[in-house]
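Quick look at structure_2.cif (mmCIF, C-alpha atoms):
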data_protein
loop_
_atom_site.label_atom_id
_atom_site.label_comp_id
_atom_site.auth_asym_id
_atom_site.auth_seq_id
_atom_site.Cartn_x
_atom_site.Cartn_y
_atom_site.Cartn_z
CA MET A 155 52.97 79.34 132.85
CA ASN A 156 53.59 79.18 129.12
CA PRO A 157 56.61 76.86 128.43
CA ILE A 158 57.79 79.00 125.53
CA VAL A 159 57.97 82.13 127.69
CA ALA A 160 59.83 80.23 130.40
CA THR A 161 62.65 79.27 128.00
CA LEU A 162 63.29 82.75 126.57
CA SER A 163 66.55 84.29 127.67
CA THR A 164 68.47 87.43 126.83
CA ARG A 165 72.16 88.12 126.65
CA LYS A 166 74.19 91.26 126.29
CA VAL A 167 76.01 91.60 122.96
CA VAL A 168 78.95 93.68 121.79
CA ASP A 169 78.22 97.23 120.64
CA TRP A 170 80.35 97.38 117.48
CA ARG A 171 79.90 101.14 117.06
CA ALA A 172 81.42 101.67 120.51
CA ALA A 173 84.19 99.18 119.68
CA LEU A 174 85.04 101.10 116.50
CA LEU A 175 85.16 104.43 118.32
CA ALA A 176 87.20 102.94 121.17
CA GLY A 177 89.67 101.62 118.59
CA LEU A 178 89.98 105.03 116.97
CA VAL A 179 90.47 106.86 120.29
CA ALA A 180 92.89 104.34 121.81
CA GLY A 181 94.65 103.90 118.47
CA THR A 182 95.19 107.64 118.11
CA ALA A 183 96.64 107.92 121.62
CA PHE A 184 98.86 104.90 120.94
CA LEU A 185 99.98 106.36 117.60
CA LEU A 186 100.93 109.70 119.15
CA LEU A 187 102.82 108.01 121.98
CA ASN A 188 104.72 105.74 119.61
CA LEU A 189 105.56 108.50 117.16
CA PHE A 190 106.67 111.15 119.64
CA VAL A 191 107.15 109.91 123.21
CA VAL A 192 108.62 106.42 122.68
CA PRO A 193 111.30 107.54 120.18
CA ALA A 194 112.30 110.39 122.52
CA LEU A 195 112.61 107.98 125.46
CA MET A 196 114.62 105.55 123.33
CA GLN A 197 116.70 108.44 121.96
CA GLY A 198 115.64 107.58 118.43
CA SER A 199 113.91 109.28 115.55
CA PHE A 200 110.23 109.69 114.75
CA TRP A 201 110.98 108.28 111.30
CA ILE A 202 112.50 105.08 112.65
CA SER A 203 109.14 104.19 114.28
CA VAL A 204 107.28 105.15 111.11
CA ARG A 205 109.55 103.05 108.90
CA LEU A 206 109.36 100.04 111.24
CA VAL A 207 105.57 99.94 111.13
CA ALA A 208 105.49 100.73 107.40
CA SER A 209 107.80 97.77 106.76
CA ILE A 210 104.90 95.43 107.63
CA LEU A 211 103.16 96.63 104.46
CA LEU A 212 106.01 97.93 102.29
CA GLY A 213 108.72 95.39 103.09
CA HIS A 214 112.28 95.68 104.38
CA GLU A 215 113.30 98.18 101.68
CA VAL A 216 111.67 101.03 103.61
CA LEU A 217 113.99 100.39 106.57
CA ALA A 218 117.14 101.49 104.74
CA PRO A 219 118.89 104.62 106.07
CA PRO A 220 118.62 107.49 106.33
CA ALA A 221 115.81 107.73 108.88
CA THR A 222 114.37 110.83 107.25
CA ALA A 223 110.98 111.90 105.93
CA HIS A 224 109.24 109.35 103.74
CA THR A 225 105.62 110.19 102.92
CA GLY A 226 104.78 106.72 101.59
CA ALA A 227 106.10 105.15 104.78
CA LEU A 228 104.04 107.54 106.90
CA VAL A 229 100.82 106.71 105.03
CA ALA A 230 101.53 102.97 105.19
CA ALA A 231 102.41 103.15 108.90
CA ILE A 232 99.19 104.98 109.74
CA ALA A 233 97.12 102.52 107.70
CA VAL A 234 98.74 99.47 109.34
CA HIS A 235 98.46 101.08 112.74
CA TYR A 236 94.72 101.77 112.51
CA VAL A 237 93.89 98.36 111.05
CA LEU A 238 95.68 96.72 113.98
CA SER A 239 94.14 99.15 116.48
CA LEU A 240 90.62 98.41 115.29
CA ALA A 241 91.25 94.65 115.37
CA MET A 242 92.71 94.80 118.88
CA ALA A 243 89.91 97.08 120.12
CA ALA A 244 87.39 94.56 118.78
CA VAL A 245 89.07 91.85 120.86
CA VAL A 246 89.01 94.14 123.91
CA ALA A 247 85.32 94.91 123.34
CA CYS A 248 84.43 91.22 123.07
CA VAL A 249 86.13 90.50 126.38
CA VAL A 250 85.07 93.55 128.43
CA HIS A 251 81.54 94.20 127.19
CA ARG A 252 79.99 92.95 130.42
CA GLY A 253 82.52 94.36 132.88
CA GLY A 254 81.61 97.97 133.56
CA LEU A 255 83.99 100.95 133.38
CA ILE A 256 86.56 99.86 135.99
CA GLY A 257 86.53 96.29 134.68
CA GLY A 258 86.91 97.57 131.11
CA ILE A 259 89.93 99.65 132.04
CA LEU A 260 91.63 96.93 134.10
CA VAL A 261 90.91 94.03 131.76
CA GLY A 262 91.77 96.24 128.79
CA ALA A 263 95.15 97.05 130.36
CA VAL A 264 95.86 93.33 130.84
CA LEU A 265 94.88 92.67 127.22
CA GLY A 266 97.16 95.52 126.12
CA LEU A 267 100.02 93.80 127.93
CA ALA A 268 99.06 90.52 126.24
CA PHE A 269 99.10 92.30 122.86
CA TYR A 270 102.64 93.50 123.61
CA PHE A 271 103.80 89.93 124.26
CA ILE A 272 102.05 88.67 121.15
CA ASP A 273 103.53 91.49 119.06
CA TYR A 274 107.09 91.33 120.35
CA TYR A 275 107.53 87.66 121.21
CA THR A 276 105.49 85.98 118.48
CA LEU A 277 105.04 88.24 115.48
CA THR A 278 108.71 89.22 115.56
CA TYR A 279 109.29 85.81 114.03
CA PHE A 280 107.80 87.28 110.83
CA PHE A 281 109.02 90.86 111.42
CA PRO A 282 112.36 90.55 113.24
CA GLN A 283 113.07 94.26 112.84
CA PHE A 284 110.74 94.91 115.78
CA PHE A 285 113.21 93.35 118.23
CA ALA A 286 114.77 96.82 118.33
CA MET A 287 111.59 98.20 119.92
CA LYS A 288 111.65 96.09 123.10
CA HIS A 289 111.58 98.88 125.67
CA TRP A 290 109.57 99.65 128.78
CA SER A 291 107.94 102.63 127.04
CA VAL A 292 106.55 100.32 124.34
CA ILE A 293 105.12 98.04 127.04
CA ALA A 294 103.57 101.08 128.75
CA SER A 295 102.02 102.31 125.48
CA HIS A 296 100.43 98.89 124.89
CA VAL A 297 98.99 98.81 128.43
CA LEU A 298 97.65 102.34 127.97
CA PHE A 299 96.13 101.36 124.61
CA GLY A 300 94.27 98.44 126.19
CA ALA A 301 93.09 100.49 129.17
CA LEU A 302 91.84 103.27 126.90
CA ALA A 303 90.16 100.84 124.50
CA GLY A 304 88.38 99.08 127.37
CA GLY A 305 87.43 102.29 129.18
CA VAL A 306 86.22 104.16 126.09
CA TYR A 307 84.28 101.10 124.97
CA GLU A 308 82.50 100.87 128.33
CA LEU A 309 81.78 104.62 128.35
CA LEU A 310 80.25 104.54 124.86
CA GLU A 311 78.58 101.14 124.96
CA ASP A 312 74.83 101.01 124.45
CA GLN A 313 73.24 98.16 126.34
CA ILE A 314 72.23 95.84 123.50
CA TYR A 315 70.50 92.58 124.30
CA GLU A 316 69.66 89.67 122.06
CA THR A 317 66.85 87.26 122.81
CA ASP A 318 67.45 83.56 122.42
CA LEU A 319 64.36 81.87 121.04
CA PRO A 320 63.65 78.22 121.73
CA SER A 321 64.09 75.85 118.82
CA ALA A 322 60.98 74.71 117.00
CA GLY A 323 59.56 71.50 118.41
CA GLY A 324 61.89 71.47 121.42
CA HIS A 325 60.98 72.01 125.08
#
Translate the structure described by the file into structure tokens.
Amino acid sequence: MNPIVATLSTRKVVDWRAALLAGLVAGTAFLLLNLFVVPALMQGSFWISVRLVASILLGHEVLAPPATAHTGALVAAIAVHYVLSLAMAAVVACVVHRGGLIGGILVGAVLGLAFYFIDYYTLTYFFPQFFAMKHWSVIASHVLFGALAGGVYELLEDQIYETDLPSAGGH
């Protein structure tokens, strides 16, 4: 048997196109939940959620009352939201890309819960205004985001393999 052939191996790699699409799908569902459902459950306003997220980019000035329409805040909130959604979906894809559909959904849900704890127990050090959003509906929306990101990724993933070649001169 040829020693070079014996040392070749393949491994499955992340499908970044599927990760991008999973981030867009899960991010859109998360956005809709956090703009409409979460504020209703917390008996708040759509614009409060928008202004909170926009404050990451625009600063604390955008938080000032009244909680009314603010086009700049809406654009900033959507931009911040999708950047974060794509980054988190990339993390989900890296973790679940070998797990199959059920594994992708379950592991994605656990990662969504982890993202909640990172967001609301670590990043609130830098953005303390988010303490106001600690609510079971926000936890649920994070879990749903992760489950959707993992499930959609696994549904769309093309099986991509990379071959590891032996190093020159080595056995």
Sorted per-residue table, segment 238-299 of chain A near segment 207-214 of chain A, closest atoms and distance, 9 Å, all atoms listed in the file, as CSV:
residue,atom,partner,partner_atom,distance
A:Phe281,CA,A:Ile210,CA,7.2
A:Gln283,CA,A:His214,CA,8.6
A:Phe284,CA,A:Val207,CA,8.6
Quick check on the file I pasted: which residues fall under the PyMOL selection byres ((chain A and resi 240) around 9)? Write them as a list of chain:residue names.
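Selected by the PyMOL selection byres ((chain A and resi 240) around 9) in this file: A:Ala173, A:Leu174, A:Leu175, A:Ala176, A:Gly177, A:Leu178, A:Gly181, A:His235, A:Tyr236, A:Val237, A:Leu238, A:Ser239, A:Ala241, A:Met242, A:Ala243, A:Ala244, A:Val245.
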Can you write out the residues you just picked, keeping C-alpha atoms, as a PDB file, keeping the file's coordinate frame?
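File written: result_7.pdb
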ATOM      1  CA  ALA A 173      84.190  99.180 119.680  1.00  0.00           C
ATOM      2  CA  LEU A 174      85.040 101.100 116.500  1.00  0.00           C
ATOM      3  CA  LEU A 175      85.160 104.430 118.320  1.00  0.00           C
ATOM      4  CA  ALA A 176      87.200 102.940 121.170  1.00  0.00           C
ATOM      5  CA  GLY A 177      89.670 101.620 118.590  1.00  0.00           C
ATOM      6  CA  LEU A 178      89.980 105.030 116.970  1.00  0.00           C
ATOM      7  CA  GLY A 181      94.650 103.900 118.470  1.00  0.00           C
ATOM      8  CA  HIS A 235      98.460 101.080 112.740  1.00  0.00           C
ATOM      9  CA  TYR A 236      94.720 101.770 112.510  1.00  0.00           C
ATOM     10  CA  VAL A 237      93.890  98.360 111.050  1.00  0.00           C
ATOM     11  CA  LEU A 238      95.680  96.720 113.980  1.00  0.00           C
ATOM     12  CA  SER A 239      94.140  99.150 116.480  1.00  0.00           C
ATOM     13  CA  ALA A 241      91.250  94.650 115.370  1.00  0.00           C
ATOM     14  CA  MET A 242      92.710  94.800 118.880  1.00  0.00           C
ATOM     15  CA  ALA A 243      89.910  97.080 120.120  1.00  0.00           C
ATOM     16  CA  ALA A 244      87.390  94.560 118.780  1.00  0.00           C
ATOM     17  CA  VAL A 245      89.070  91.850 120.860  1.00  0.00           C
TER      18      VAL A 245
END
Using all atoms listed in the file for the distances, tell me which of A:Asn188, A:Gly257, A:Thr182, A:Lys166 is nearest to Phe200 of chain A.
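For Phe200 of chain A, the nearest of the given residues is A:Asn188.
Interatomic distance, atom CA of Ile256 of chain A against atom CA of Tyr307 of chain A: 11.3 Å.
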Between atom CA of Arg205 of chain A and atom CA of Val229 of chain A, what is the spacing in Å?
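So the answer is 10.2 Å.
Here the question is which of A:Val234, A:Leu187, A:Leu260, A:Phe280 gets nearest to Ala294 of chain A using all atoms listed in the file, and that residue is A:Leu187.
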Can you measure atom CA of Leu302 of chain A to atom CA of Thr276 of chain A for me? One decimal in Å is fine.
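One can read the atom CA of Leu302 of chain A to atom CA of Thr276 of chain A distance as 23.6 Å.
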Evaluate the PyMOL selection byres ((chain A and resi 313) around 10) against this structure - the residues, as a PDB file with C-alpha atoms, keeping the file's coordinate frame, please.
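What follows is the written file selection_27.pdb:
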ATOM      1  CA  LYS A 166      74.190  91.260 126.290  1.00  0.00           C
ATOM      2  CA  VAL A 167      76.010  91.600 122.960  1.00  0.00           C
ATOM      3  CA  VAL A 168      78.950  93.680 121.790  1.00  0.00           C
ATOM      4  CA  ASP A 169      78.220  97.230 120.640  1.00  0.00           C
ATOM      5  CA  HIS A 251      81.540  94.200 127.190  1.00  0.00           C
ATOM      6  CA  ARG A 252      79.990  92.950 130.420  1.00  0.00           C
ATOM      7  CA  GLU A 308      82.500 100.870 128.330  1.00  0.00           C
ATOM      8  CA  LEU A 310      80.250 104.540 124.860  1.00  0.00           C
ATOM      9  CA  GLU A 311      78.580 101.140 124.960  1.00  0.00           C
ATOM     10  CA  ASP A 312      74.830 101.010 124.450  1.00  0.00           C
ATOM     11  CA  ILE A 314      72.230  95.840 123.500  1.00  0.00           C
ATOM     12  CA  TYR A 315      70.500  92.580 124.300  1.00  0.00           C
TER      13      TYR A 315
END
Selected residue of minimal separation from Met196 of chain A among A:Leu255, A:Ala247, A:Val292, A:Ala268, counting only C-alpha atoms
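Among A:Leu255, A:Ala247, A:Val292, A:Ala268, it is A:Val292 that comes nearest to Met196 of chain A.
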